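Structure file final-v9.pdb with PDB, C-alpha atoms:
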```pdb
ATOM      1  CA  MET A   1     -10.764 -12.150   0.085
ATOM      2  CA  ASN A   2      -9.774  -9.512   2.609
ATOM      3  CA  THR A   3      -5.960  -9.520   2.657
ATOM      4  CA  TYR A   4      -5.771  -8.770   6.382
ATOM      5  CA  ILE A   5      -8.059 -11.681   7.263
ATOM      6  CA  GLU A   6      -6.210 -14.066   4.975
ATOM      7  CA  LYS A   7      -2.770 -13.012   6.223
ATOM      8  CA  ASN A   8      -3.713 -13.318   9.891
ATOM      9  CA  ARG A   9      -5.824 -16.473   9.717
ATOM     10  CA  GLY A  10      -5.073 -18.579  12.800
ATOM     11  CA  PHE A  11      -3.417 -15.724  14.713
ATOM     12  CA  ILE A  12      -4.617 -13.342  17.406
ATOM     13  CA  THR A  13      -3.948  -9.704  16.551
ATOM     14  CA  SER A  14      -4.850  -6.561  18.449
ATOM     15  CA  SER A  15      -7.504  -5.682  15.839
ATOM     16  CA  LYS A  16      -9.125  -9.111  16.081
ATOM     17  CA  LEU A  17      -9.033  -8.968  19.870
ATOM     18  CA  LYS A  18     -10.684  -5.546  19.831
ATOM     19  CA  GLU A  19     -13.483  -6.825  17.592
ATOM     20  CA  PHE A  20     -14.020  -9.883  19.818
ATOM     21  CA  LEU A  21     -14.382  -7.682  22.899
ATOM     22  CA  ARG A  22     -16.803  -5.379  21.102
ATOM     23  CA  CYS A  23     -18.992  -8.169  19.721
ATOM     24  CA  ALA A  24     -18.027 -11.850  19.870
ATOM     25  CA  TYR A  25     -20.637 -12.779  17.286
ATOM     26  CA  CYS A  26     -19.336 -10.191  14.812
ATOM     27  CA  TYR A  27     -15.847 -11.577  15.401
ATOM     28  CA  LYS A  28     -17.066 -15.051  14.434
ATOM     29  CA  LEU A  29     -18.822 -13.836  11.299
ATOM     30  CA  LYS A  30     -15.838 -11.768  10.165
ATOM     31  CA  TYR A  31     -12.783 -13.805  11.177
ATOM     32  CA  ILE A  32     -14.053 -17.395  11.365
ATOM     33  CA  ASP A  33     -16.917 -17.549   8.858
ATOM     34  CA  GLU A  34     -15.077 -14.857   6.858
ATOM     35  CA  LEU A  35     -18.238 -13.140   5.707
ATOM     36  CA  PRO A  36     -17.710  -9.811   3.933
ATOM     37  CA  ASP A  37     -18.179  -6.837   6.248
ATOM     38  CA  PRO A  38     -21.262  -4.979   4.915
ATOM     39  CA  THR A  39     -19.881  -1.666   6.184
ATOM     40  CA  GLU A  40     -16.789  -1.977   3.998
ATOM     41  CA  GLY A  41     -18.721  -1.422   0.789
ATOM     42  CA  ASP A  42     -17.386   2.125   0.465
ATOM     43  CA  LYS A  43     -13.728   1.997   1.421
ATOM     44  CA  ASP A  44     -12.753   5.422   0.069
ATOM     45  CA  TYR A  45     -12.874   7.052   3.521
ATOM     46  CA  PHE A  46     -10.292   4.595   4.828
ATOM     47  CA  LEU A  47      -8.386   4.223   1.566
ATOM     48  CA  VAL A  48      -6.591   7.572   1.844
ATOM     49  CA  GLY A  49      -5.324   6.694   5.314
ATOM     50  CA  GLN A  50      -4.221   3.227   4.222
ATOM     51  CA  ALA A  51      -2.458   4.594   1.145
ATOM     52  CA  PHE A  52      -0.681   7.193   3.290
ATOM     53  CA  ASP A  53       0.406   4.527   5.770
ATOM     54  CA  ASP A  54       1.735   2.355   2.935
ATOM     55  CA  PHE A  55       3.588   5.299   1.400
ATOM     56  CA  ILE A  56       5.243   6.058   4.739
ATOM     57  CA  THR A  57       6.189   2.469   5.521
ATOM     58  CA  LEU A  58       6.788   0.970   2.047
ATOM     59  CA  GLY A  59       8.472   3.947   0.394
ATOM     60  CA  THR A  60       7.900   5.221  -3.130
ATOM     61  CA  VAL A  61       8.876   1.967  -4.867
ATOM     62  CA  GLY A  62       6.688  -0.187  -2.639
ATOM     63  CA  PHE A  63       3.801   2.258  -2.913
ATOM     64  CA  ASN A  64       3.953   2.370  -6.722
ATOM     65  CA  ALA A  65       3.995  -1.425  -6.843
ATOM     66  CA  LYS A  66       0.724  -1.526  -4.904
ATOM     67  CA  TYR A  67      -1.151   1.618  -6.002
ATOM     68  CA  GLU A  68      -1.809   3.709  -9.074
ATOM     69  CA  ILE A  69      -3.259   7.222  -9.210
ATOM     70  CA  VAL A  70      -5.868   7.593 -11.971
ATOM     71  CA  ASN A  71      -8.338  10.186 -13.185
ATOM     72  CA  ARG A  72     -11.088   7.583 -13.275
ATOM     73  CA  ARG A  73     -11.014   4.148 -11.699
ATOM     74  CA  LYS A  74     -11.641   1.155 -13.952
ATOM     75  CA  GLU A  75     -12.107  -2.544 -13.327
ATOM     76  CA  GLY A  76      -9.417  -5.055 -14.122
ATOM     77  CA  SER A  77      -6.405  -3.279 -12.667
ATOM     78  CA  THR A  78      -3.902  -5.377 -10.740
ATOM     79  CA  LYS A  79      -3.188  -2.380  -8.483
ATOM     80  CA  ILE A  80      -5.313  -0.479  -5.999
ATOM     81  CA  GLN A  81      -6.609   2.596  -7.786
ATOM     82  CA  ILE A  82      -6.913   5.945  -6.067
ATOM     83  CA  THR A  83      -8.274   9.080  -7.672
ATOM     84  CA  GLN A  84      -6.270  12.234  -8.226
ATOM     85  CA  GLY A  85      -8.202  13.879  -5.399
ATOM     86  CA  MET A  86      -7.217  11.071  -3.037
ATOM     87  CA  GLY A  87      -3.647  11.392  -4.210
ATOM     88  CA  ASP A  88      -3.702  15.116  -3.424
ATOM     89  CA  LYS A  89      -5.083  14.439   0.061
ATOM     90  CA  MET A  90      -2.417  11.791   0.650
ATOM     91  CA  ALA A  91       0.275  14.252  -0.464
ATOM     92  CA  ALA A  92      -1.056  16.829   2.014
ATOM     93  CA  LEU A  93      -0.865  14.240   4.796
ATOM     94  CA  HIS A  94       2.677  13.358   3.803
ATOM     95  CA  ASN A  95       3.736  17.001   3.717
ATOM     96  CA  GLU A  96       2.440  17.514   7.245
ATOM     97  CA  PHE A  97       4.044  14.279   8.432
ATOM     98  CA  SER A  98       7.399  15.321   6.964
ATOM     99  CA  ALA A  99       7.176  18.826   8.459
ATOM    100  CA  ASN A 100       6.660  17.637  12.040
ATOM    101  CA  LYS A 101      10.074  17.546  13.712
ATOM    102  CA  LEU A 102       8.724  15.262  16.450
ATOM    103  CA  PHE A 103       8.212  12.455  13.945
ATOM    104  CA  VAL A 104      11.030  10.045  13.169
ATOM    105  CA  ARG A 105      11.686   9.158   9.533
ATOM    106  CA  PRO A 106      11.938   6.861   7.690
ATOM    107  CA  THR A 107       9.807   3.967   8.952
ATOM    108  CA  GLN A 108      10.230   0.241   8.420
ATOM    109  CA  LYS A 109       7.613  -2.471   8.903
ATOM    110  CA  PHE A 110       8.270  -5.086  11.577
ATOM    111  CA  THR A 111       6.201  -8.234  12.148
ATOM    112  CA  PHE A 112       6.468 -10.205  15.397
ATOM    113  CA  THR A 113       4.860 -13.590  15.991
ATOM    114  CA  LEU A 114       4.701 -15.128  19.451
ATOM    115  CA  LYS A 115       4.213 -18.894  19.344
ATOM    116  CA  GLY A 116       3.539 -21.308  22.163
ATOM    117  CA  ASN A 117      -0.089 -20.307  22.758
ATOM    118  CA  PRO A 118      -3.218 -22.194  21.670
ATOM    119  CA  MET A 119      -3.381 -19.417  19.088
ATOM    120  CA  PRO A 120      -0.136 -17.564  18.247
ATOM    121  CA  LEU A 121      -0.078 -13.801  18.711
ATOM    122  CA  ARG A 122       0.997 -11.560  15.860
ATOM    123  CA  CYS A 123       1.616  -7.841  15.589
ATOM    124  CA  GLU A 124       2.724  -5.744  12.624
ATOM    125  CA  LEU A 125       4.397  -2.473  13.570
ATOM    126  CA  ASP A 126       4.932   0.600  11.422
ATOM    127  CA  ASP A 127       8.382   0.819  12.999
ATOM    128  CA  PHE A 128      10.347  -0.505  15.966
ATOM    129  CA  ASP A 129      13.478   1.001  17.475
ATOM    130  CA  SER A 130      15.054  -1.808  19.488
ATOM    131  CA  THR A 131      17.866   0.454  20.749
ATOM    132  CA  ALA A 132      15.512   3.039  22.201
ATOM    133  CA  ALA A 133      12.866   0.359  22.972
ATOM    134  CA  ILE A 134      10.145   2.322  21.190
ATOM    135  CA  ILE A 135       7.184   1.062  19.171
ATOM    136  CA  ARG A 136       6.105   3.562  16.511
ATOM    137  CA  ASP A 137       2.621   3.623  15.054
ATOM    138  CA  VAL A 138       1.525   6.070  12.348
ATOM    139  CA  LYS A 139      -2.185   6.874  12.378
ATOM    140  CA  THR A 140      -4.589   9.098  10.511
ATOM    141  CA  THR A 141      -7.749  10.542  11.997
ATOM    142  CA  ALA A 142     -10.642  12.653  10.782
ATOM    143  CA  ASN A 143      -9.832  15.524  13.140
ATOM    144  CA  LEU A 144      -7.007  15.735  15.651
ATOM    145  CA  LYS A 145      -9.221  17.711  18.036
ATOM    146  CA  THR A 146     -11.381  14.637  18.600
ATOM    147  CA  PHE A 147      -8.565  12.061  18.563
ATOM    148  CA  ASP A 148      -8.219  10.165  21.844
ATOM    149  CA  PRO A 149      -4.807   8.475  22.252
ATOM    150  CA  LEU A 150      -6.079   6.568  25.293
ATOM    151  CA  MET A 151      -8.145   4.430  22.902
ATOM    152  CA  TYR A 152      -4.883   2.807  21.785
ATOM    153  CA  ILE A 153      -3.308   1.873  25.112
ATOM    154  CA  ASP A 154      -4.474  -1.747  24.930
ATOM    155  CA  GLN A 155      -3.182  -2.077  21.368
ATOM    156  CA  MET A 156       0.247  -0.791  22.360
ATOM    157  CA  ALA A 157       0.219  -2.958  25.504
ATOM    158  CA  PHE A 158      -0.500  -5.987  23.300
ATOM    159  CA  TYR A 159       2.517  -5.074  21.144
ATOM    160  CA  GLN A 160       4.684  -4.523  24.226
ATOM    161  CA  TYR A 161       3.822  -7.952  25.605
ATOM    162  CA  VAL A 162       4.555  -9.779  22.341
ATOM    163  CA  ILE A 163       7.924  -8.061  21.879
ATOM    164  CA  GLU A 164       8.967  -8.599  25.501
ATOM    165  CA  GLU A 165       8.115 -12.302  25.366
ATOM    166  CA  ILE A 166       9.933 -12.827  22.061
ATOM    167  CA  THR A 167      13.069 -10.948  23.123
ATOM    168  CA  THR A 168      13.076 -12.856  26.427
ATOM    169  CA  GLU A 169      13.039 -16.154  24.510
ATOM    170  CA  GLU A 170      15.817 -14.957  22.197
ATOM    171  CA  THR A 171      18.204 -13.317  24.666
ATOM    172  CA  GLY A 172      16.901 -14.004  28.150
ATOM    173  CA  ASN A 173      16.614 -10.246  28.645
ATOM    174  CA  GLY A 174      13.250  -9.073  27.361
ATOM    175  CA  ILE A 175      12.772  -5.565  25.965
ATOM    176  CA  ARG A 176       9.949  -3.684  27.695
ATOM    177  CA  CYS A 177       8.997  -1.017  25.180
ATOM    178  CA  GLY A 178       7.326   2.304  25.276
ATOM    179  CA  ALA A 179       5.307   3.526  22.313
ATOM    180  CA  GLN A 180       4.628   6.655  20.352
ATOM    181  CA  LEU A 181       1.719   7.478  18.091
ATOM    182  CA  GLU A 182       2.444   9.811  15.178
ATOM    183  CA  VAL A 183      -0.962  11.124  14.198
ATOM    184  CA  VAL A 184      -1.976  13.225  11.188
ATOM    185  CA  ASP A 185      -5.545  14.344  10.572
ATOM    186  CA  LYS A 186      -7.407  14.580   7.275
ATOM    187  CA  CYS A 187      -8.734  18.116   7.698
ATOM    188  CA  ASP A 188      -8.442  20.536   4.771
ATOM    189  CA  ILE A 189      -5.396  21.923   6.529
ATOM    190  CA  ALA A 190      -3.735  18.873   8.071
ATOM    191  CA  HIS A 191      -2.543  18.921  11.687
ATOM    192  CA  SER A 192      -0.222  16.459  13.415
ATOM    193  CA  GLN A 193       0.797  15.495  16.925
ATOM    194  CA  ARG A 194       2.895  12.860  18.687
ATOM    195  CA  TYR A 195       1.635  11.035  21.771
ATOM    196  CA  ASP A 196       4.021   8.996  23.936
ATOM    197  CA  PHE A 197       3.290   6.053  26.224
ATOM    198  CA  THR A 198       5.902   5.090  28.813
ATOM    199  CA  PRO A 199       6.766   1.401  29.340
ATOM    200  CA  SER A 200       5.147   1.475  32.797
ATOM    201  CA  THR A 201       1.912   2.934  31.386
ATOM    202  CA  LEU A 202       1.627   0.092  28.886
ATOM    203  CA  TYR A 203       2.632  -2.547  31.408
ATOM    204  CA  ALA A 204      -0.177  -1.383  33.708
ATOM    205  CA  SER A 205      -2.653  -2.649  31.084
ATOM    206  CA  ARG A 206      -0.947  -6.009  30.621
ATOM    207  CA  GLU A 207      -3.003  -8.042  33.080
ATOM    208  CA  LEU A 208      -6.207  -6.905  31.388
ATOM    209  CA  VAL A 209      -4.821  -7.593  27.916
ATOM    210  CA  LEU A 210      -3.713 -11.108  28.918
ATOM    211  CA  ARG A 211      -7.162 -11.776  30.377
ATOM    212  CA  HIS A 212      -8.772 -10.736  27.107
ATOM    213  CA  ILE A 213      -6.397 -12.943  25.126
ATOM    214  CA  ALA A 214      -7.323 -15.897  27.350
ATOM    215  CA  GLN A 215     -11.030 -15.176  26.814
ATOM    216  CA  LEU A 216     -10.600 -15.220  23.047
ATOM    217  CA  GLN A 217      -8.599 -18.441  23.159
ATOM    218  CA  ALA A 218     -11.269 -20.049  25.327
ATOM    219  CA  ALA A 219     -13.996 -18.916  22.922
ATOM    220  CA  HIS A 220     -12.184 -20.675  20.088
ATOM    221  CA  GLU A 221     -11.710 -23.847  22.113
ATOM    222  CA  MET A 222     -15.418 -23.955  23.056
ATOM    223  CA  ASP A 223     -16.638 -22.509  19.747
ATOM    224  CA  PHE A 224     -18.728 -20.073  21.763
ATOM    225  CA  PHE A 225     -19.302 -16.608  20.280
ATOM    226  CA  PRO A 226     -22.587 -15.287  21.699
ATOM    227  CA  ALA A 227     -24.502 -12.420  20.146
ATOM    228  CA  PRO A 228     -24.698  -9.273  22.283
ATOM    229  CA  HIS A 229     -27.766  -8.347  24.302
ATOM    230  CA  ASP A 230     -26.945  -4.660  24.684
ATOM    231  CA  PRO A 231     -29.103  -2.781  22.144
ATOM    232  CA  LEU A 232     -26.425  -0.115  21.669
ATOM    233  CA  VAL A 233     -23.886  -2.779  20.731
ATOM    234  CA  MET A 234     -26.422  -4.325  18.352
ATOM    235  CA  LEU A 235     -26.951  -1.025  16.598
ATOM    236  CA  ASP A 236     -23.201  -0.681  16.111
ATOM    237  CA  CYS A 237     -22.884  -4.199  14.692
ATOM    238  CA  PRO A 238     -21.649  -4.255  11.058
ATOM    239  CA  TYR A 239     -23.697  -7.439  10.533
ATOM    240  CA  TYR A 240     -26.878  -5.874  11.886
ATOM    241  CA  GLY A 241     -29.826  -8.051  10.939
ATOM    242  CA  HIS A 242     -27.735 -11.006   9.747
ATOM    243  CA  GLU A 243     -29.844 -14.139  10.303
ATOM    244  CA  GLY A 244     -32.018 -12.149  12.675
ATOM    245  CA  HIS A 245     -29.077 -10.860  14.679
ATOM    246  CA  GLY A 246     -29.083  -7.299  15.907
ATOM    247  CA  ARG A 247     -32.809  -6.594  16.130
ATOM    248  CA  PRO A 248     -33.480  -5.085  19.575
ATOM    249  CA  THR A 249     -36.474  -6.652  21.276
ATOM    250  CA  GLN A 250     -36.868  -4.009  23.977
ATOM    251  CA  PRO A 251     -36.989  -0.207  23.820
ATOM    252  CA  ILE A 252     -33.888   1.660  24.896
ATOM    253  CA  VAL A 253     -34.880   3.433  28.112
ATOM    254  CA  LEU A 254     -33.137   6.749  28.731
TER     255      LEU A 254
END
```

Would you encode the structure as structure tokens?
Amino acid sequence: MNTYIEKNRGFITSSKLKEFLRCAYCYKLKYIDELPDPTEGDKDYFLVGQAFDDFITLGTVGFNAKYEIVNRRKEGSTKIQITQGMGDKMAALHNEFSANKLFVRPTQKFTFTLKGNPMPLRCELDDFDSTAAIIRDVKTTANLKTFDPLMYIDQMAFYQYVIEEITTEETGNGIRCGAQLEVVDKCDIAHSQRYDFTPSTLYASRELVLRHIAQLQAAHEMDFFPAPHDPLVMLDCPYYGHEGHGRPTQPIVL
């Protein structure tokens, strides 16, 4: 069982919302029917980034409890095994992360759950500075030259909304956060950069984010998750061909 799916069963997260907006049918197959994602067969590309994120946020002790670095991976281990080459790549990412003076260290995981909706909202942050009202998110990318921080505005706006609502309930004075992305790429020579979002920038996306949340909640209430008709979306569907889904019936006209 996918740990993320199991841990967030019954909750709306930014990742689940993003998948629903991309393809409602894929969302149903992955998060309701809980079918294995066929594209996750080879996880090594994402494993380095996940291991790096865990090392940053869990620390050495937490990392060693979850992972082991081996010369050759074998079945039966209770830990996630990464090869020596992956370990070297992760170390290079960490060295670059530590060298960037714009990055704040150390990090600490925070989980926020907003109840009172048909489906509660949940977000897990790499770090949260309540004094400075800053959400921190550590990300890895294939190449920083092609990284687009604007792709993450809705995710950060989702986080901002959840935190503001929770802190309003707790104190009557909600915290409206900004956010910063601390990004390291996986090139042979790693590069890093910080991108900042102001509170007003994130708040400008709130109406759209709330509309999307309402759409997902309504889909659950009606049990309505239609397959896409756009051939380009079909071709990007991880469940392409599942029960006949994803086979374009018309040519793509350019």

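Picked out by the PyMOL selection byres ((chain A and resi 188-196) around 7) when it runs on this file: Ala92, Leu93, Glu96, Phe97, Leu102, Leu144, Pro149, Ala179, Gln180, Leu181, Glu182, Val183, Val184, Asp185, Lys186, Cys187, Phe197 and Thr198 of chain A.
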
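Taking atom CA of A:Met234 as the reference point, atom CA of A:Cys23 is found at 8.5 Å.
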
Problem - Interatomic distance (Å, one decimal) between atom CA of A:Gly85 and atom CA of A:Gln50 - result: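 Those two atoms sit 14.9 Å apart.
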
Practice task
Taking the file above as input, evaluate the PyMOL selection byres ((chain A and resi 5-17) around 6) and report the hits as a PyMOL selection string.
Solution key: chain A and resi 2-4+18-20+119-123+155

Problem - Which of A:Met156, A:Leu150, A:Asp126, A:Ala51 sits closest to A:Lys89 [using all atoms listed in the file] - result: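 Among the listed residues, the smallest separation from A:Lys89 belongs to A:Ala51.
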
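Considering all atoms listed in the file, the residue among A:Leu21, A:Ile163, A:Leu29, A:Ile80 positioned nearest to A:Tyr239 is A:Leu29.
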
Practice task
Dump as a ChimeraX atom specification all residues having an atom at most 12 Å from (0.9, 10.4, -1.3), computed in the file's coordinates with all atoms listed in the file.
Solution key: /A:47-60,63-64,67-69,82-98

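Shortest atom-to-atom contact with A:Glu124 among A:Tyr159, A:Tyr152, A:Tyr240, A:Tyr27: A:Tyr159, counting all atoms listed in the file.
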
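For the structure in this document, the set picked by the PyMOL selection byres ((chain A and resi 224) around 12) is A:Phe20, A:Ala24, A:Tyr25, A:Tyr27, A:Lys28, A:Ile32, A:Gln215, A:Leu216, A:Gln217, A:Ala218, A:Ala219, A:His220, A:Glu221, A:Met222, A:Asp223, A:Phe225, A:Pro226, A:Ala227.
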
Handout entry: Separation of atom CA of A:Thr78 from atom CA of A:Lys66 in Å
Key =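 For atom CA of A:Lys66 relative to atom CA of A:Thr78, the distance reads 8.4 Å.
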
Exercise for the section: Mind checking which residues fall within 10 Å of A:Gly246, counting all atoms listed in the file, ignoring those fewer than 3 positions away in the same chain, and posting them as an MDAnalysis selection string? Expected result: chainID A and resid 227:243 249

Practice task
Give the answer as one residue: which of A:Cys177, A:Ile153, A:Val209, A:Val104 has the shortest atom-to-atom distance to A:Thr131, using all atoms listed in the file?
Solution key: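 Of A:Cys177, A:Ile153, A:Val209, A:Val104, the one nearest A:Thr131 is A:Cys177, counting all atoms listed in the file.
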
Return as lines of an AutoDock Vina configuration file the box centre and box size in Å, one decimal, for an axis-aligned box around all listed atoms of stretch 66-85 of chain A padded by 6 Å per side.
```
center_x = -5.7
center_y = 4.3
center_z = -9.5
size_x = 24.8
size_y = 31.3
size_z = 21.2
```
